[in-house]
file start33.txt (compact mmCIF, C-alpha atoms)
# COMPACT_ATOMS: atom_id res chain seq x y z
CA MET A 232 0.00 0.00 0.00
CA ILE A 233 0.89 3.63 -0.35
CA ALA A 234 1.59 4.03 3.38
CA ASP A 235 4.66 1.76 3.07
CA LEU A 236 6.29 4.21 0.69
CA PRO A 237 7.02 7.40 2.64
CA ILE A 238 8.50 9.44 -0.23
CA LEU A 239 5.74 8.57 -2.67
CA SER A 240 3.16 9.22 -0.01
CA TRP A 241 4.56 12.71 0.57
CA ALA A 242 4.78 13.44 -3.14
CA LEU A 243 1.20 12.27 -3.60
CA HIS A 244 -0.12 14.52 -0.88
CA ILE A 245 1.80 17.55 -2.13
CA THR A 246 0.50 16.89 -5.66
CA ILE A 247 -3.07 16.61 -4.41
CA GLY A 248 -2.60 19.95 -2.63
CA MET A 249 -1.31 21.58 -5.81
CA VAL A 250 -4.17 20.26 -7.93
CA VAL A 251 -6.75 21.39 -5.35
CA LEU A 252 -5.15 24.84 -5.35
CA ALA A 253 -5.33 24.85 -9.14
CA ILE A 254 -9.04 23.97 -8.98
CA LEU A 255 -9.65 26.84 -6.55
CA LEU A 256 -7.90 29.23 -8.97
CA ASN A 257 -10.06 27.91 -11.80
CA VAL A 258 -13.18 28.52 -9.73
CA TYR A 259 -11.99 32.08 -9.11
CA ARG A 260 -11.74 32.65 -12.88
CA LEU A 261 -15.09 30.93 -13.38
CA LEU A 262 -16.80 33.31 -10.95
CA LYS A 263 -14.96 36.46 -12.01
CA GLY A 264 -15.34 36.11 -15.76
CA PRO A 265 -15.26 38.84 -17.12
CA ASP A 266 -16.63 37.43 -20.40
CA ALA A 267 -18.56 34.30 -21.21
CA PRO A 268 -15.65 32.62 -23.10
CA ASP A 269 -13.48 33.11 -20.01
CA ARG A 270 -15.98 31.18 -17.95
CA VAL A 271 -16.19 28.37 -20.49
CA LEU A 272 -12.39 28.20 -20.59
CA ALA A 273 -12.34 28.01 -16.79
CA LEU A 274 -14.88 25.16 -16.89
CA ASP A 275 -12.76 23.38 -19.50
CA THR A 276 -9.66 23.61 -17.30
CA LEU A 277 -11.72 22.65 -14.27
CA TYR A 278 -12.81 19.30 -15.72
CA ILE A 279 -9.28 18.44 -16.80
CA ASN A 280 -8.05 19.18 -13.28
CA ALA A 281 -10.90 17.10 -11.86
CA ILE A 282 -9.65 14.15 -13.93
CA ALA A 283 -6.17 14.62 -12.46
CA LEU A 284 -7.66 14.68 -8.95
CA ILE A 285 -9.62 11.47 -9.57
CA ILE A 286 -6.49 9.69 -10.83
CA LEU A 287 -4.57 10.86 -7.74
CA LEU A 288 -7.41 9.62 -5.53
CA GLY A 289 -7.17 6.26 -7.29
CA ILE A 290 -3.45 6.06 -6.48
CA ALA A 291 -4.06 7.05 -2.86
CA LEU A 292 -6.72 4.38 -2.39
CA GLY A 293 -4.82 1.81 -4.44
CA THR A 294 -7.78 1.05 -6.69
CA ARG A 295 -8.42 1.38 -10.42
CA LEU A 296 -12.18 1.59 -10.01
CA TYR A 297 -12.21 5.33 -10.69
CA MET A 298 -10.59 5.01 -14.10
CA GLU A 299 -13.97 4.69 -15.82
CA SER A 300 -15.29 7.84 -14.23
CA ALA A 301 -12.17 9.72 -15.34
CA LEU A 302 -12.72 8.51 -18.89
CA LEU A 303 -16.39 9.54 -18.79
CA ILE A 304 -15.54 13.01 -17.49
CA ALA A 305 -12.95 13.39 -20.27
CA VAL A 306 -15.50 12.55 -22.96
CA MET A 307 -18.43 14.48 -21.48
CA GLY A 308 -16.31 17.49 -20.60
CA PHE A 309 -15.10 17.85 -24.16
CA VAL A 310 -18.62 17.58 -25.55
CA GLY A 311 -19.79 20.14 -22.99
CA THR A 312 -17.06 22.61 -23.88
CA VAL A 313 -17.77 22.32 -27.59
CA ALA A 314 -21.52 22.69 -27.05
CA LEU A 315 -21.07 25.79 -24.89
CA ALA A 316 -18.63 27.39 -27.31
CA LYS A 317 -20.94 26.64 -30.21
CA TYR A 318 -23.81 28.19 -28.29
CA LEU A 319 -21.76 31.35 -27.67
CA LYS A 320 -20.88 31.61 -31.34
CA ARG A 321 -24.19 30.73 -32.97
CA GLY A 322 -26.85 31.17 -30.32
CA SER A 323 -27.90 27.53 -30.63
CA VAL A 324 -26.19 24.17 -30.27
CA ILE A 325 -27.91 22.22 -33.02
CA GLU A 326 -28.94 24.09 -36.14
CA MET B 68 8.81 -1.96 -5.10
CA GLN B 69 12.30 -0.82 -6.00
CA PRO B 70 13.29 2.58 -4.54
CA ILE B 71 14.14 3.91 -7.99
CA TYR B 72 10.52 3.39 -9.08
CA GLU B 73 9.36 5.32 -6.07
CA TYR B 74 11.57 8.28 -6.97
CA VAL B 75 10.51 8.23 -10.62
CA ILE B 76 6.79 8.06 -9.79
CA SER B 77 7.15 10.82 -7.18
CA ALA B 78 8.97 13.03 -9.69
CA LEU B 79 6.28 12.43 -12.33
CA LEU B 80 3.47 13.26 -9.91
CA LEU B 81 5.19 16.42 -8.63
CA THR B 82 5.98 17.64 -12.16
CA GLY B 83 2.39 17.02 -13.16
CA GLY B 84 1.03 18.87 -10.15
CA LEU B 85 3.38 21.78 -10.79
CA PHE B 86 2.34 22.17 -14.42
CA THR B 87 -1.35 21.90 -13.49
CA LEU B 88 -0.87 24.63 -10.91
CA VAL B 89 1.06 26.83 -13.36
CA GLY B 90 -1.76 26.43 -15.88
CA ALA B 91 -4.28 27.59 -13.29
CA ILE B 92 -2.07 30.51 -12.22
CA GLY B 93 -1.79 31.52 -15.87
CA LEU B 94 -5.57 31.37 -16.16
CA VAL B 95 -5.83 33.87 -13.32
CA ARG B 96 -2.83 36.11 -14.04
CA LEU B 97 -2.63 36.62 -17.80
CA PRO B 98 -4.17 39.88 -19.01
CA ASP B 99 -6.82 38.97 -21.63
CA PHE B 100 -8.84 36.04 -22.93
CA PHE B 101 -6.59 35.17 -25.86
CA THR B 102 -3.48 34.99 -23.69
CA ARG B 103 -5.37 33.05 -21.03
CA LEU B 104 -6.25 30.52 -23.70
CA HIS B 105 -2.58 29.47 -23.86
CA ALA B 106 -2.08 28.39 -20.26
CA PRO B 107 -4.70 25.60 -20.04
CA THR B 108 -4.14 24.17 -23.52
CA LYS B 109 -0.43 23.62 -22.90
CA ALA B 110 0.53 23.55 -19.24
CA THR B 111 -2.58 21.80 -17.91
CA THR B 112 -2.67 19.16 -20.64
CA LEU B 113 0.99 18.31 -20.04
CA GLY B 114 0.51 18.33 -16.26
CA VAL B 115 -2.39 15.89 -16.40
CA GLY B 116 -0.37 13.76 -18.85
CA ALA B 117 2.51 13.53 -16.37
CA ILE B 118 0.14 12.57 -13.55
CA MET B 119 -1.36 9.86 -15.77
CA LEU B 120 2.11 8.49 -16.55
CA GLY B 121 2.81 8.41 -12.82
CA SER B 122 -0.39 6.45 -12.27
CA VAL B 123 0.49 3.95 -15.03
CA ALA B 124 3.96 3.48 -13.52
CA TYR B 125 2.55 3.07 -10.00
CA PHE B 126 0.00 0.41 -10.87
CA SER B 127 2.43 -1.42 -13.16
CA ALA B 128 5.07 -1.52 -10.42
CA ARG B 129 2.60 -2.71 -7.79
CA ALA B 130 1.10 -5.61 -9.68
CA PRO B 131 2.24 -7.45 -12.81
CA GLY B 132 0.47 -6.66 -16.05
CA VAL B 133 0.16 -3.38 -17.90
CA ASN B 134 -2.75 -1.06 -17.22
CA VAL B 135 -3.21 1.41 -19.98
CA ALA B 136 -6.60 3.07 -19.50
CA GLU B 137 -4.74 6.24 -18.42
CA ILE B 138 -2.87 6.34 -21.72
CA LEU B 139 -6.22 6.32 -23.49
CA ILE B 140 -7.44 9.29 -21.41
CA THR B 141 -4.17 11.17 -22.00
CA VAL B 142 -4.30 10.65 -25.76
CA PHE B 143 -7.91 11.77 -25.74
CA LEU B 144 -7.04 14.95 -23.82
CA PHE B 145 -4.16 15.72 -26.19
CA LEU B 146 -6.46 15.26 -29.18
CA THR B 147 -9.28 17.39 -27.79
CA ALA B 148 -7.29 20.28 -26.24
CA PRO B 149 -6.53 22.01 -29.58
CA VAL B 150 -10.12 21.56 -30.76
CA SER B 151 -11.56 23.18 -27.62
CA ALA B 152 -9.01 26.00 -27.85
CA ASN B 153 -9.83 26.63 -31.49
CA ILE B 154 -13.59 26.71 -31.05
CA LEU B 155 -13.32 28.90 -27.94
CA ALA B 156 -11.08 31.33 -29.83
CA LYS B 157 -13.67 31.50 -32.60
CA ALA B 158 -16.45 32.16 -30.10
CA ALA B 159 -14.37 34.89 -28.44
CA MET B 160 -13.63 36.56 -31.78
CA HIS B 161 -17.34 36.44 -32.62
CA LEU B 162 -18.25 38.10 -29.32
CA GLY B 163 -15.46 40.68 -29.73
CA VAL B 164 -13.81 40.00 -26.38
CA ASP B 165 -11.45 42.74 -25.13
CA ARG B 166 -7.75 42.44 -25.92
CA THR B 167 -4.78 43.92 -24.06
CA PRO B 168 -3.47 47.14 -25.58
CA GLU B 169 -0.12 45.42 -26.28
CA THR B 170 -1.71 43.09 -28.83
CA ARG B 171 -0.48 43.65 -32.37
CA GLY B 172 -2.53 42.53 -35.33
CA LYS B 173 -6.28 42.02 -35.42
CA PRO B 174 -8.60 39.03 -35.18
CA TRP B 175 -10.94 38.38 -38.10
CA ASP B 176 -14.60 39.25 -38.18
CA GLN B 177 -16.77 36.22 -37.61
CA MET C 34 -8.98 -6.83 -50.56
CA LEU C 35 -9.82 -5.36 -47.15
CA ALA C 36 -12.30 -2.99 -48.73
CA ARG C 37 -14.23 -5.89 -50.27
CA LEU C 38 -14.47 -7.64 -46.89
CA GLY C 39 -16.30 -4.62 -45.51
CA PHE C 40 -13.40 -2.57 -44.15
CA PRO C 41 -13.37 0.57 -46.31
CA GLN C 42 -10.94 2.27 -43.92
CA PRO C 43 -8.49 -0.32 -42.57
CA PHE C 44 -6.58 2.17 -40.44
CA LEU C 45 -9.72 3.42 -38.68
CA SER C 46 -10.86 -0.17 -38.13
CA LEU C 47 -7.51 -1.10 -36.61
CA ASN C 48 -7.66 1.91 -34.30
CA LEU C 49 -11.20 1.10 -33.18
CA PHE C 50 -10.22 -2.51 -32.48
CA LEU C 51 -7.15 -1.51 -30.43
CA VAL C 52 -9.02 1.17 -28.47
CA TRP C 53 -11.74 -1.32 -27.59
CA GLN C 54 -9.11 -3.78 -26.31
CA LEU C 55 -7.63 -1.01 -24.15
CA LEU C 56 -11.07 -0.03 -22.84
CA SER C 57 -12.20 -3.51 -21.89
CA ASP C 58 -9.60 -4.29 -19.21
CA GLY C 59 -7.45 -6.92 -20.90
CA VAL C 60 -7.83 -8.98 -24.04
CA SER C 61 -10.39 -11.78 -23.83
CA GLY C 62 -12.57 -13.71 -26.25
CA GLY C 63 -15.52 -11.41 -25.70
CA SER C 64 -13.55 -8.22 -26.18
CA VAL C 65 -12.00 -9.51 -29.42
CA VAL C 66 -15.42 -10.38 -30.86
CA MET C 67 -16.93 -7.06 -29.78
CA GLY C 68 -13.86 -5.22 -31.11
CA LEU C 69 -14.21 -6.90 -34.48
CA ILE C 70 -17.91 -6.03 -34.65
CA LEU C 71 -17.16 -2.39 -33.84
CA ALA C 72 -14.26 -2.27 -36.30
CA TRP C 73 -16.57 -3.60 -39.00
CA MET C 74 -19.68 -1.58 -38.21
CA LEU C 75 -18.53 1.93 -37.24
CA PRO C 76 -16.54 2.73 -40.44
CA ARG C 77 -19.52 1.61 -42.55
CA LEU C 78 -21.99 3.73 -40.57
CA THR C 79 -19.77 6.82 -40.70
CA ASN C 80 -18.37 6.31 -44.19
CA ASN C 81 -20.35 9.15 -45.75
CA PHE C 82 -19.22 11.72 -43.18
CA TRP C 83 -15.49 11.35 -43.85
CA PRO C 84 -13.76 13.91 -46.03
CA GLU C 85 -12.00 12.74 -49.14
CA ARG C 86 -8.68 11.11 -48.36
CA PRO C 87 -5.40 12.50 -49.66
CA ALA C 88 -3.95 10.66 -52.62
CA THR C 89 -0.83 9.31 -50.93
CA VAL C 90 -0.10 9.15 -47.22
CA LYS C 91 3.38 8.23 -46.13
CA GLY C 92 2.31 6.78 -42.81
CA TRP C 93 5.75 5.61 -41.76
CA LEU C 94 6.88 9.22 -41.41
CA LEU C 95 4.15 9.95 -38.84
CA PRO C 96 5.86 8.49 -35.73
CA MET C 97 8.92 10.72 -36.26
CA TYR C 98 6.63 13.74 -36.58
CA LEU C 99 4.67 12.77 -33.45
CA LEU C 100 7.89 12.35 -31.44
CA ARG C 101 9.01 15.82 -32.48
CA VAL C 102 5.60 17.24 -31.51
CA VAL C 103 5.67 15.55 -28.08
CA TRP C 104 9.15 16.95 -27.44
CA ASP C 105 8.00 20.41 -28.51
CA ILE C 106 4.94 20.19 -26.25
CA ILE C 107 7.23 19.62 -23.28
CA THR C 108 9.59 22.49 -24.10
CA ALA C 109 6.68 24.78 -25.02
CA SER C 110 5.01 24.12 -21.67
CA VAL C 111 8.21 25.08 -19.85
CA VAL C 112 8.39 28.31 -21.86
CA VAL C 113 4.74 29.17 -21.12
CA ALA C 114 5.21 28.27 -17.45
CA ARG C 115 8.19 30.64 -17.22
CA LEU C 116 6.22 33.45 -18.80
CA VAL C 117 3.27 32.87 -16.47
CA LEU C 118 5.47 33.01 -13.39
CA SER C 119 7.56 36.03 -14.47
CA THR C 120 6.40 39.59 -13.87
CA ARG C 121 7.01 40.61 -17.47
CA GLN C 122 3.96 41.48 -19.56
CA PRO C 123 3.54 39.18 -22.56
CA GLN C 124 3.45 40.70 -26.05
CA PRO C 125 0.60 38.90 -27.81
CA VAL C 126 0.14 39.15 -31.56
CA PHE C 127 -2.33 37.91 -34.19
CA ILE C 128 -0.53 36.43 -37.19
CA SER C 129 -1.98 35.52 -40.58
CA TYR C 130 -0.10 32.43 -41.68
CA PRO C 131 -0.18 31.68 -45.41
CA LEU C 132 -0.76 27.94 -45.82
CA SER C 133 0.97 25.91 -48.49
CA LEU C 134 -0.78 22.69 -47.42
CA GLU C 135 -3.94 21.96 -49.35
CA HIS C 136 -5.63 18.91 -47.91
CA PRO C 137 -8.11 19.56 -45.04
CA LEU C 138 -6.73 16.67 -42.99
CA ALA C 139 -3.19 18.03 -43.24
CA ILE C 140 -4.39 21.54 -42.32
CA THR C 141 -6.23 20.13 -39.29
CA MET C 142 -3.08 18.36 -38.14
CA LEU C 143 -1.01 21.51 -38.59
CA ALA C 144 -3.57 23.60 -36.70
CA SER C 145 -3.69 21.10 -33.81
CA THR C 146 0.09 20.97 -33.66
CA ILE C 147 0.28 24.75 -33.57
CA SER C 148 -2.25 24.86 -30.73
CA LEU C 149 -0.24 22.43 -28.63
CA THR C 150 3.20 23.91 -29.24
CA PRO C 151 5.39 27.04 -28.88
CA GLY C 152 3.18 29.74 -27.39
CA THR C 153 0.75 29.75 -30.30
CA VAL C 154 -2.94 28.88 -30.70
CA SER C 155 -4.54 28.55 -34.10
CA ALA C 156 -7.74 30.57 -33.99
CA ASP C 157 -9.32 30.30 -37.42
CA VAL C 158 -8.81 29.25 -41.00
CA SER C 159 -10.05 31.31 -43.94
CA ASP C 160 -12.92 30.00 -46.04
CA ASP C 161 -10.70 29.11 -48.99
CA ASN C 162 -8.22 27.17 -46.78
CA ARG C 163 -5.37 29.53 -47.68
CA ILE C 164 -4.70 31.48 -44.49
CA LEU C 165 -4.50 30.35 -40.88
CA LEU C 166 -5.06 32.90 -38.12
CA ILE C 167 -2.65 32.29 -35.25
CA HIS C 168 -2.52 33.96 -31.86
CA ALA C 169 0.99 34.00 -30.40
CA LEU C 170 1.31 34.53 -26.67
CA ASP C 171 4.68 36.25 -26.68
CA ALA C 172 6.44 37.08 -29.94
CA LYS C 173 8.73 39.93 -30.91
CA ASP C 174 8.85 39.14 -34.59
CA GLU C 175 5.95 37.74 -36.62
CA GLN C 176 8.13 36.54 -39.46
CA GLU C 177 10.23 34.45 -37.09
CA VAL C 178 7.13 32.59 -35.84
CA ILE C 179 5.98 31.96 -39.42
CA ASP C 180 9.41 30.66 -40.46
CA THR C 181 9.66 28.34 -37.44
CA ILE C 182 6.25 26.81 -38.10
CA ARG C 183 6.98 26.41 -41.79
CA LYS C 184 10.32 24.69 -41.23
CA ARG C 185 9.44 22.58 -38.24
CA TYR C 186 5.87 21.41 -38.93
CA GLU C 187 4.54 22.33 -42.32
CA GLN C 188 7.33 20.85 -44.41
CA PRO C 189 7.25 17.43 -42.67
CA LEU C 190 3.46 17.39 -43.07
CA GLN C 191 3.84 18.34 -46.71
CA GLU C 192 6.07 15.33 -47.12
CA ILE C 193 3.57 13.00 -45.40
CA PHE C 194 0.46 14.20 -47.27
CA GLN C 195 1.61 14.76 -50.81
call {"tool": "encode", "arguments": {"input": "start33.txt", "output": "structure tokens"}}
result
Amino acid sequence: MIADLPILSWALHITIGMVVLAILLNVYRLLKGPDAPDRVLALDTLYINAIALIILLGIALGTRLYMESALLIAVMGFVGTVALAKYLKRGSVIE
Amino acid sequence: MQPIYEYVISALLLTGGLFTLVGAIGLVRLPDFFTRLHAPTKATTLGVGAIMLGSVAYFSARAPGVNVAEILITVFLFLTAPVSANILAKAAMHLGVDRTPETRGKPWDQ
Amino acid sequence: MLARLGFPQPFLSLNLFLVWQLLSDGVSGGSVVMGLILAWMLPRLTNNFWPERPATVKGWLLPMYLLRVVWDIITASVVVARLVLSTRQPQPVFISYPLSLEHPLAITMLASTISLTPGTVSADVSDDNRILLIHALDAKDEQEVIDTIRKRYEQPLQEIFQ
């Protein structure tokens, strides 16, 4: 388990801290804007960081169960970003 | 697990975390939308890629057999990042988002 | 021969098969059968949506190109990271890049490469596929950016998609 590896355990916790900080910064940009594309960009970065966090959680718990959820977020996040950007550009998603 | 693996995995994770954080800092600090577009498409994608590699190495070192679902996610992120950036840039040009005064050249009308 | 068996796009079929093996947690009898079904069915269903393929594709040159791109992604990220952390203001610029590539697939690959590498994001392509609009994060000289892209990415792509 991860607890037997002190260096890796430290590195893992520091990395989780950094990713959480990154997510907080993304949320700041999401709330502040100032324009709609900025918010969509923040959401885009946010889901990628969420994937990183899920993978790190998987390492910490020593399980690969979360891999599927990471894959789903990757696919859905991309579709969401494209749909939102298309909406901003055209005013509708499907024409 | 051999100590060398532990160091390599730790280094991969820390590099990944660092790049992810730098991407987020860039998202907050850079002056306008078009410059902010650069930080997530490059730094964050690479950061998440490094974390994925660390995960692959960790699970491969712990148990025999290769687990490659992370590689699939990484490849997917690398393929989609430019597409998202491109379509967001188009949307921003259409909306006429503000640019910093230092910007030379002009975007096209959409 | 492959086309007559119902695989109009062998490369796509191969990719679908391999991705399905990766997705289904290890190769087993079931995953091979399902992978074959997907590799047979999806290209047929989507056949009409694919753009026309370039006349010749030198596929064996692609791995070299991809390696170069991966290396450039790493160095580019370090450059962007340095700029983000420094107090200097970036000097962004919009560049119109005259394309010499003609095939849409090659242009897409060039645009994606540009987005992932040295401080540049491709923003738009003109309607006649002649000019690519690029936003550079920090560039002193437009011509230098254009020359780098032409030498490093466009010429190898030109060689692959003739």
call {"tool": "atom_distance", "arguments": {"input": "start33.txt", "atom1": "atom CA of Ala156 of chain C", "atom2": "atom CA of Gly84 of chain B"}}
result
28.0 Å
call {"tool": "residues_around", "arguments": {"input": "start33.txt", "residues": "Gly90 of chain B", "least_positions_apart": "4", "cutoff": "10 Å", "atoms": "all atoms listed in the file", "output": "PDB file with C-alpha atoms, keeping the file's coordinate frame"}}
result
ATOM      1  CA  ALA A 253      -5.330  24.850  -9.140  1.00  0.00           C
ATOM      2  CA  LEU A 256      -7.900  29.230  -8.970  1.00  0.00           C
ATOM      3  CA  ASN A 257     -10.060  27.910 -11.800  1.00  0.00           C
ATOM      4  CA  THR A 276      -9.660  23.610 -17.300  1.00  0.00           C
ATOM      5  CA  ASN A 280      -8.050  19.180 -13.280  1.00  0.00           C
TER       6      ASN A 280
ATOM      7  CA  GLY B  84       1.030  18.870 -10.150  1.00  0.00           C
ATOM      8  CA  LEU B  85       3.380  21.780 -10.790  1.00  0.00           C
ATOM      9  CA  PHE B  86       2.340  22.170 -14.420  1.00  0.00           C
ATOM     10  CA  LEU B  94      -5.570  31.370 -16.160  1.00  0.00           C
ATOM     11  CA  VAL B  95      -5.830  33.870 -13.320  1.00  0.00           C
ATOM     12  CA  ARG B  96      -2.830  36.110 -14.040  1.00  0.00           C
ATOM     13  CA  ARG B 103      -5.370  33.050 -21.030  1.00  0.00           C
ATOM     14  CA  LEU B 104      -6.250  30.520 -23.700  1.00  0.00           C
ATOM     15  CA  HIS B 105      -2.580  29.470 -23.860  1.00  0.00           C
ATOM     16  CA  ALA B 106      -2.080  28.390 -20.260  1.00  0.00           C
ATOM     17  CA  PRO B 107      -4.700  25.600 -20.040  1.00  0.00           C
ATOM     18  CA  THR B 108      -4.140  24.170 -23.520  1.00  0.00           C
ATOM     19  CA  LYS B 109      -0.430  23.620 -22.900  1.00  0.00           C
ATOM     20  CA  ALA B 110       0.530  23.550 -19.240  1.00  0.00           C
ATOM     21  CA  THR B 111      -2.580  21.800 -17.910  1.00  0.00           C
ATOM     22  CA  THR B 112      -2.670  19.160 -20.640  1.00  0.00           C
ATOM     23  CA  LEU B 113       0.990  18.310 -20.040  1.00  0.00           C
ATOM     24  CA  GLY B 114       0.510  18.330 -16.260  1.00  0.00           C
TER      25      GLY B 114
ATOM     26  CA  SER C 110       5.010  24.120 -21.670  1.00  0.00           C
ATOM     27  CA  VAL C 113       4.740  29.170 -21.120  1.00  0.00           C
ATOM     28  CA  ALA C 114       5.210  28.270 -17.450  1.00  0.00           C
ATOM     29  CA  VAL C 117       3.270  32.870 -16.470  1.00  0.00           C
TER      30      VAL C 117
END
call {"tool": "closest_atom_pairs", "arguments": {"input": "start33.txt", "of": "chain C", "to": "chain B", "cutoff": "8 Å", "atoms": "all atoms listed in the file", "output": "CSV"}}
result
residue,atom,partner,partner_atom,distance
C:Val52,CA,B:Leu139,CA,7.7
C:Leu55,CA,B:Ala136,CA,6.3
C:Leu56,CA,B:Ala136,CA,6.4
C:Asp58,CA,B:Asn134,CA,7.8
C:Ile106,CA,B:Lys109,CA,7.2
C:Ile107,CA,B:Leu113,CA,7.2
C:Ala109,CA,B:Lys109,CA,7.5
C:Ser110,CA,B:Ala110,CA,5.1
C:Val111,CA,B:Ala110,CA,7.9
C:Val113,CA,B:Ala106,CA,6.9
C:Ala114,CA,B:Val89,CA,6.0
C:Val117,CA,B:Gly93,CA,5.3
C:Leu118,CA,B:Val89,CA,7.6
C:Gln124,CA,B:Glu169,CA,5.9
C:Pro125,CA,B:Thr170,CA,4.9
C:Val126,CA,B:Arg171,CA,4.6
C:Phe127,CA,B:Gly172,CA,4.8
C:Ile128,CA,B:Gly172,CA,6.7
C:Ala144,CA,B:Pro149,CA,7.9
C:Ser145,CA,B:Pro149,CA,5.2
C:Thr146,CA,B:Pro149,CA,7.8
C:Ser148,CA,B:Pro149,CA,5.3
C:Leu149,CA,B:Lys109,CA,5.9
C:Thr150,CA,B:Lys109,CA,7.3
C:Gly152,CA,B:His105,CA,6.8
C:Thr153,CA,B:His105,CA,7.3
C:Val154,CA,B:His105,CA,6.9
C:Ser155,CA,B:Asn153,CA,6.2
C:Ala156,CA,B:Asn153,CA,5.1
C:Asp157,CA,B:Lys157,CA,6.6
C:Leu166,CA,B:Pro174,CA,7.7
C:His168,CA,B:Phe101,CA,7.4
C:Leu170,CA,B:Thr102,CA,5.7
call {"tool": "closest_residue", "arguments": {"input": "start33.txt", "among": "B:Gly83, B:Gln69, B:Phe126, B:Val115", "to": "Leu277 of chain A", "atoms": "only C-alpha atoms"}}
result
B:Val115
call {"tool": "closest_residue", "arguments": {"input": "start33.txt", "among": "A:Ala267, A:Leu262, A:Ile238, A:Ile247", "to": "Leu319 of chain A", "atoms": "all atoms listed in the file"}}
result
A:Ala267
call {"tool": "atom_distance", "arguments": {"input": "start33.txt", "atom1": "atom CA of Asp165 of chain B", "atom2": "atom CA of Val313 of chain A"}}
result
21.5 Å
call {"tool": "atom_distance", "arguments": {"input": "start33.txt", "atom1": "atom CA of Leu51 of chain C", "atom2": "atom CA of Thr141 of chain B"}}
result
15.5 Å
call {"tool": "closest_residue", "arguments": {"input": "start33.txt", "among": "A:Tyr278, A:Leu287, A:Val271, A:Tyr259", "to": "Ile76 of chain B", "atoms": "only C-alpha atoms"}}
result
A:Leu287
call {"tool": "closest_residue", "arguments": {"input": "start33.txt", "among": "A:Leu261, A:Ile285, A:Thr246, A:Asp275", "to": "chain B", "atoms": "all atoms listed in the file"}}
result
A:Thr246
call {"tool": "residues_near_point", "arguments": {"input": "start33.txt", "point": "(8.4, 12.8, -40.9)", "cutoff": "10 Å", "atoms": "all atoms listed in the file", "output": "PyMOL selection string"}}
result
chain C and resi 91-101+186+188-193
call {"tool": "interface_residues", "arguments": {"input": "start33.txt", "of": "chain A", "to": "chain C", "cutoff": "12 Å", "atoms": "all atoms listed in the file", "output": "PyMOL selection string"}}
result
chain A and resi 295-296+298-299+302-303
call {"tool": "residues_around", "arguments": {"input": "start33.txt", "residues": "Glu73 of chain B", "least_positions_apart": "2", "cutoff": "9 Å", "atoms": "all atoms listed in the file", "output": "list of chain:residue names"}}
result
A:Leu236, A:Ile238, A:Leu239, B:Met68, B:Gln69, B:Pro70, B:Ile71, B:Val75, B:Ile76, B:Ser77, B:Ala78, B:Tyr125
call {"tool": "closest_residue", "arguments": {"input": "start33.txt", "among": "B:Ile140, B:Leu80, B:Leu162, B:Ala130", "to": "Gly248 of chain A", "atoms": "all atoms listed in the file"}}
result
B:Leu80
call {"tool": "closest_residue", "arguments": {"input": "start33.txt", "among": "A:Ser323, A:Ala314, A:Asp235, A:Val250", "to": "chain B", "atoms": "only C-alpha atoms"}}
result
A:Val250
call {"tool": "build_atoms", "arguments": {"input": "start33.txt", "residues": "segment 73-81 of chain B", "atoms": "N, CA, C and O atoms", "output": "PDB file, in the frame of the given file"}}
result
ATOM      1  N   GLU B  73      10.036   4.371  -6.954  1.00  0.00           N
ATOM      2  CA  GLU B  73       9.360   5.320  -6.070  1.00  0.00           C
ATOM      3  C   GLU B  73       9.780   6.743  -6.419  1.00  0.00           C
ATOM      4  O   GLU B  73       8.943   7.645  -6.522  1.00  0.00           O
ATOM      5  N   TYR B  74      11.101   6.927  -6.633  1.00  0.00           N
ATOM      6  CA  TYR B  74      11.570   8.280  -6.970  1.00  0.00           C
ATOM      7  C   TYR B  74      10.977   8.736  -8.295  1.00  0.00           C
ATOM      8  O   TYR B  74      10.524   9.879  -8.420  1.00  0.00           O
ATOM      9  N   VAL B  75      11.009   7.838  -9.289  1.00  0.00           N
ATOM     10  CA  VAL B  75      10.510   8.230 -10.620  1.00  0.00           C
ATOM     11  C   VAL B  75       9.040   8.617 -10.544  1.00  0.00           C
ATOM     12  O   VAL B  75       8.617   9.657 -11.076  1.00  0.00           O
ATOM     13  N   ILE B  76       8.233   7.776  -9.870  1.00  0.00           N
ATOM     14  CA  ILE B  76       6.790   8.060  -9.790  1.00  0.00           C
ATOM     15  C   ILE B  76       6.556   9.376  -9.041  1.00  0.00           C
ATOM     16  O   ILE B  76       5.755  10.218  -9.460  1.00  0.00           O
ATOM     17  N   SER B  77       7.311   9.565  -7.934  1.00  0.00           N
ATOM     18  CA  SER B  77       7.150  10.820  -7.180  1.00  0.00           C
ATOM     19  C   SER B  77       7.467  12.011  -8.065  1.00  0.00           C
ATOM     20  O   SER B  77       6.739  13.016  -8.067  1.00  0.00           O
ATOM     21  N   ALA B  78       8.582  11.906  -8.826  1.00  0.00           N
ATOM     22  CA  ALA B  78       8.970  13.030  -9.690  1.00  0.00           C
ATOM     23  C   ALA B  78       7.892  13.307 -10.723  1.00  0.00           C
ATOM     24  O   ALA B  78       7.537  14.465 -10.969  1.00  0.00           O
ATOM     25  N   LEU B  79       7.335  12.235 -11.324  1.00  0.00           N
ATOM     26  CA  LEU B  79       6.280  12.430 -12.330  1.00  0.00           C
ATOM     27  C   LEU B  79       5.072  13.135 -11.721  1.00  0.00           C
ATOM     28  O   LEU B  79       4.540  14.090 -12.295  1.00  0.00           O
ATOM     29  N   LEU B  80       4.653  12.664 -10.539  1.00  0.00           N
ATOM     30  CA  LEU B  80       3.470  13.260  -9.910  1.00  0.00           C
ATOM     31  C   LEU B  80       3.724  14.728  -9.596  1.00  0.00           C
ATOM     32  O   LEU B  80       2.885  15.598  -9.892  1.00  0.00           O
ATOM     33  N   LEU B  81       4.918  15.034  -9.011  1.00  0.00           N
ATOM     34  CA  LEU B  81       5.190  16.420  -8.630  1.00  0.00           C
ATOM     35  C   LEU B  81       5.262  17.325  -9.858  1.00  0.00           C
ATOM     36  O   LEU B  81       4.726  18.438  -9.855  1.00  0.00           O
TER      37      LEU B  81
END
